[in-house]
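Structure file data33.cif (mmCIF, C-alpha atoms and all ligand atoms) follows.
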data_query
loop_
_atom_site.label_atom_id
_atom_site.label_comp_id
_atom_site.auth_asym_id
_atom_site.auth_seq_id
_atom_site.Cartn_x
_atom_site.Cartn_y
_atom_site.Cartn_z
CA MET A 1 -39.40 168.70 58.05
CA LYS A 2 -35.97 168.14 59.46
CA ILE A 3 -33.98 165.14 60.55
CA ILE A 4 -32.09 165.22 63.82
CA ALA A 5 -29.69 162.42 64.67
CA ILE A 6 -27.88 161.26 67.78
CA GLY A 7 -24.34 159.93 67.58
CA ARG A 8 -22.82 157.38 69.97
CA ASN A 9 -26.00 156.46 71.81
CA TYR A 10 -24.98 152.83 72.32
CA ALA A 11 -21.78 152.29 74.31
CA GLU A 12 -20.55 149.31 72.28
CA HIS A 13 -20.78 151.33 69.05
CA ALA A 14 -18.90 154.29 70.55
CA LYS A 15 -16.14 151.86 71.55
CA GLU A 16 -15.88 150.16 68.15
CA LEU A 17 -14.98 153.52 66.56
CA ASN A 18 -12.60 154.37 69.43
CA ASN A 19 -14.81 157.22 70.62
CA PRO A 20 -15.42 158.04 74.26
CA VAL A 21 -18.84 157.13 75.67
CA PRO A 22 -20.51 160.55 75.76
CA THR A 23 -21.89 162.28 78.84
CA VAL A 24 -24.08 164.61 76.76
CA PRO A 25 -25.75 163.60 73.48
CA VAL A 26 -23.82 164.10 70.23
CA ILE A 27 -26.24 165.81 67.82
CA PHE A 28 -26.18 166.42 64.07
CA THR A 29 -28.83 167.08 61.44
CA LYS A 30 -29.68 166.00 57.92
CA PRO A 31 -31.76 168.04 55.46
CA ASP A 32 -35.04 166.76 54.02
CA THR A 33 -33.18 165.86 50.80
CA ALA A 34 -31.47 163.07 52.78
CA LEU A 35 -34.75 161.20 53.17
CA LEU A 36 -35.16 157.99 51.13
CA LYS A 37 -38.53 156.25 51.41
CA ASP A 38 -40.50 153.24 50.16
CA ASN A 39 -37.46 150.93 50.10
CA LYS A 40 -36.13 152.66 47.02
CA PRO A 41 -32.56 151.71 46.12
CA PHE A 42 -29.66 153.63 47.60
CA TYR A 43 -27.29 154.80 44.88
CA HIS A 44 -23.76 154.65 46.22
CA PRO A 45 -22.16 158.11 45.99
CA ASP A 46 -18.86 158.34 44.14
CA PHE A 47 -17.26 160.74 46.64
CA SER A 48 -16.71 158.05 49.26
CA GLU A 49 -14.92 154.69 49.30
CA ASP A 50 -16.30 153.73 52.69
CA VAL A 51 -20.03 154.36 53.18
CA HIS A 52 -21.21 152.59 56.35
CA HIS A 53 -24.68 151.38 57.33
CA GLU A 54 -25.98 152.40 60.75
CA ILE A 55 -29.37 150.90 61.58
CA GLU A 56 -31.37 153.03 64.01
CA VAL A 57 -34.80 153.36 65.59
CA VAL A 58 -36.45 156.54 64.28
CA LEU A 59 -39.06 158.62 66.13
CA LYS A 60 -41.64 160.77 64.38
CA ILE A 61 -42.58 163.96 66.21
CA SER A 62 -46.36 164.28 66.55
CA LYS A 63 -46.75 167.90 67.68
CA GLU A 64 -44.81 171.11 67.86
CA GLY A 65 -42.77 171.79 70.95
CA LYS A 66 -39.86 173.76 72.37
CA HIS A 67 -38.24 173.37 75.79
CA ILE A 68 -40.14 170.12 76.25
CA SER A 69 -39.60 168.64 79.69
CA GLU A 70 -38.41 165.05 79.86
CA LYS A 71 -41.49 164.21 81.93
CA PHE A 72 -43.85 165.13 79.07
CA ALA A 73 -41.64 164.18 76.12
CA ASP A 74 -43.43 160.85 75.68
CA GLY A 75 -46.42 162.82 74.38
CA TYR A 76 -44.43 164.32 71.51
CA TYR A 77 -43.88 161.19 69.43
CA ASP A 78 -46.45 158.58 68.52
CA GLU A 79 -44.84 156.51 65.77
CA ILE A 80 -41.53 154.72 65.30
CA ALA A 81 -39.70 153.28 62.32
CA LEU A 82 -36.33 151.93 61.32
CA GLY A 83 -33.84 153.99 59.40
CA ILE A 84 -30.28 153.81 58.13
CA ASP A 85 -27.94 156.66 58.96
CA PHE A 86 -25.60 156.21 55.99
CA THR A 87 -22.21 157.65 56.85
CA ALA A 88 -19.23 158.31 54.59
CA ARG A 89 -16.78 157.09 57.21
CA ASP A 90 -13.67 158.12 55.27
CA ILE A 91 -14.89 161.71 54.98
CA GLN A 92 -16.08 161.74 58.59
CA GLN A 93 -12.69 160.50 59.79
CA ARG A 94 -10.83 163.24 57.91
CA HIS A 95 -13.20 165.88 59.26
CA LYS A 96 -12.99 164.57 62.81
CA GLU A 97 -9.20 164.75 62.70
CA LYS A 98 -9.40 168.42 61.72
CA GLY A 99 -12.25 169.25 64.10
CA LEU A 100 -14.53 170.09 61.17
CA PRO A 101 -18.31 169.55 60.95
CA TRP A 102 -19.69 166.22 59.68
CA GLU A 103 -22.31 167.33 57.17
CA LEU A 104 -20.51 166.09 54.05
CA ALA A 105 -20.19 162.66 55.67
CA LYS A 106 -23.68 162.43 57.12
CA ALA A 107 -26.16 164.72 55.37
CA PHE A 108 -25.76 163.93 51.68
CA ASP A 109 -28.70 163.09 49.40
CA ASN A 110 -30.49 159.83 50.27
CA SER A 111 -28.33 159.26 53.36
CA ALA A 112 -31.45 158.63 55.49
CA PRO A 113 -33.60 155.71 54.28
CA VAL A 114 -36.65 155.37 56.53
CA SER A 115 -39.22 152.56 56.69
CA THR A 116 -42.96 152.85 57.13
CA PHE A 117 -43.93 154.03 60.61
CA LEU A 118 -45.73 151.96 63.22
CA PRO A 119 -47.75 153.31 66.14
CA LYS A 120 -45.66 153.06 69.28
CA SER A 121 -48.81 151.93 71.10
CA GLN A 122 -48.45 148.54 69.43
CA PHE A 123 -45.30 147.83 71.43
CA ALA A 124 -45.67 146.79 75.07
CA ASP A 125 -42.21 148.06 76.05
CA ILE A 126 -40.57 150.74 73.96
CA TYR A 127 -37.34 150.08 75.91
CA GLY A 128 -37.23 146.41 75.11
CA LEU A 129 -37.28 146.54 71.33
CA ASN A 130 -35.00 144.23 69.40
CA PHE A 131 -33.91 145.42 66.00
CA HIS A 132 -31.35 144.12 63.54
CA LEU A 133 -29.89 144.64 60.10
CA ASP A 134 -29.08 141.85 57.67
CA VAL A 135 -26.77 142.46 54.73
CA ASN A 136 -27.05 139.81 52.00
CA GLY A 137 -28.81 137.54 54.47
CA GLN A 138 -26.20 137.80 57.25
CA THR A 139 -26.94 139.70 60.45
CA ARG A 140 -24.47 142.58 60.73
CA GLN A 141 -25.99 144.70 63.49
CA ALA A 142 -28.33 143.77 66.31
CA GLY A 143 -29.49 146.07 69.07
CA ASN A 144 -32.06 146.51 71.78
CA THR A 145 -33.43 149.84 72.93
CA LYS A 146 -32.77 148.83 76.54
CA ASN A 147 -29.12 149.66 75.82
CA LEU A 148 -29.70 153.29 74.81
CA LEU A 149 -27.41 155.66 76.70
CA PHE A 150 -29.94 158.51 76.37
CA SER A 151 -33.65 157.64 76.40
CA PHE A 152 -36.07 158.87 73.74
CA GLU A 153 -37.58 161.29 76.29
CA TYR A 154 -34.16 162.61 77.29
CA ILE A 155 -33.23 163.14 73.63
CA ILE A 156 -36.49 165.02 72.88
CA ALA A 157 -36.04 167.22 75.94
CA PHE A 158 -32.39 167.91 75.13
CA VAL A 159 -32.86 168.60 71.41
CA SER A 160 -35.91 170.83 71.97
CA LYS A 161 -33.80 173.24 74.01
CA TYR A 162 -32.00 174.11 70.78
CA PHE A 163 -34.44 173.30 67.95
CA THR A 164 -38.19 173.80 67.88
CA LEU A 165 -39.56 170.37 67.07
CA LYS A 166 -42.35 170.33 64.50
CA LYS A 167 -44.91 167.70 63.63
CA GLY A 168 -43.31 165.31 61.14
CA ASP A 169 -39.71 165.91 62.19
CA LEU A 170 -37.68 162.72 62.54
CA ILE A 171 -35.16 161.76 65.20
CA PHE A 172 -32.58 159.04 64.50
CA THR A 173 -31.72 157.65 67.92
CA GLY A 174 -28.32 156.06 67.40
CA THR A 175 -26.86 152.79 66.17
CA PRO A 176 -25.64 149.65 67.94
CA GLN A 177 -22.30 148.01 67.19
CA GLY A 178 -21.45 146.32 63.90
CA VAL A 179 -21.33 149.23 61.48
CA ALA A 180 -19.54 148.34 58.23
CA LYS A 181 -19.05 149.30 54.62
CA VAL A 182 -21.77 148.75 52.03
CA ASN A 183 -21.04 147.74 48.46
CA VAL A 184 -22.94 148.06 45.21
CA GLY A 185 -25.23 145.04 44.93
CA ASP A 186 -25.78 144.61 48.68
CA ARG A 187 -29.28 143.87 49.91
CA LEU A 188 -30.14 145.51 53.23
CA GLU A 189 -33.01 144.16 55.34
CA GLY A 190 -33.99 145.77 58.63
CA TYR A 191 -36.18 144.15 61.26
CA LEU A 192 -38.00 145.67 64.22
CA GLU A 193 -38.79 142.74 66.49
CA ASP A 194 -39.80 140.12 63.90
CA GLU A 195 -41.24 142.51 61.35
CA LYS A 196 -39.21 143.32 58.27
CA LEU A 197 -39.53 147.06 57.64
CA LEU A 198 -36.53 147.81 55.45
CA ASP A 199 -35.62 145.88 52.31
CA PHE A 200 -33.64 147.63 49.62
CA TYR A 201 -30.54 147.36 47.46
CA VAL A 202 -27.38 149.42 47.11
CA LYS A 203 -26.93 150.31 43.45
MG MG B 301 -25.90 157.15 63.46
#
Can you give me the file's structure in the form of C-alpha cells?
Ligand code: MG
Amino acid sequence: MKIIAIGRNYAEHAKELNNPVPTVPVIFTKPDTALLKDNKPFYHPDFSEDVHHEIEVVLKISKEGKHISEKFADGYYDEIALGIDFTARDIQQRHKEKGLPWELAKAFDNSAPVSTFLPKSQFADIYGLNFHLDVNGQTRQAGNTKNLLFSFEYIIAFVSKYFTLKKGDLIFTGTPQGVAKVNVGDRLEGYLEDEKLLDFYVK
C-alpha cells in the first residue's frame, strides 16, 4: 500500500505557514514504513528539533482505479479515519528554501499514525465532519471538512491521473490551522465528531 497526502487543503493552515492558497492540490507521498497503527507511541526522531502534528481525515481506497472521474470517485473509498501527518518543520523549511523535495521532512518512519477506520456510511454528511486534536488535554487543532479547498472526490480524481490507486491505499486530506511542535511526553488525542479515535504518547 501507499500513502498519498495533500498539503495546504485548508486555507487557514496555508496562511499560518505563509504559503499561498493553492489553485491545484499540493501532493506528496509517504512509504508504507511511515504507517503507525493501534495507538502505538511515536518515538521522536533525533534528526529534527521541530516535529509538528497535523491532524487529518484519512480516506481508505476500496478498489483499484486510474483516471477516476470526479463524478464516480465517491465509489472508490468506503472508510475514513483520523491520522497525524507528522512533519519535521525545520527540515521542510530548509528544503522549501532550496526548492528541494520534502521526503526527509514528511516520509520518515512512523510519520503517519492512523486510527481505526469507520464506514463512511455511518456519517450523514461527509462534508460536515468536525474533528480536533488535543495535546495534553488542550485543543490545539479543530477543523471541519466543510472547509476543504479540494473535496475528497476532486482529490481522488486528481491523484488517480498520476498514480493508480489500489485497494488499501490511504489518502491524507490535509490539516486545519493550529499545527505546532510536539515534545517527548505529550499525549495526543484525536476526535472525529465526538468519538476519540487517536490516543497515543510521544516518547
Ligand atoms: Mg499535512
Item checked: Nearby residues, ligand MG 301 (chain B), 8 Å, all atoms listed in the file, as number ranges by chain -> A: 5-8, 54-56, 84-87, 172-175
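We find atom CA of Leu197 of chain A and atom CA of Val57 of chain A to be spaced 11.2 Å apart.
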Notebook entry, point to check: With distances taken over all atoms listed in the file, which of A:Arg187, A:Lys196, A:Lys106, A:His95 is nearest to Pro41 of chain A?
Noted result: A:Arg187
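The shortest atom-to-atom distance to Lys40 of chain A, with all atoms listed in the file taken into account, belongs to A:Asp199 out of A:Asn147, A:Lys98, A:Val159, A:Asp199.
The closest residue to Lys96 of chain A, picked from A:Asn9, A:Ile80, A:Asn19, A:Thr145 and counting only C-alpha atoms, is A:Asn19.
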Check: Got a sec: who's within 12 Å of Asp125 of chain A, counting all atoms listed in the file, leaving out chain neighbours fewer than 6 positions off, as a ChimeraX atom specification?
Finding: /A:144-146,193
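Ranking A:Pro176, A:Gly168, A:Gly128, A:Pro22 by their shortest atom-to-atom distance to Leu59 of chain A, with all atoms listed in the file included, puts A:Gly168 first.
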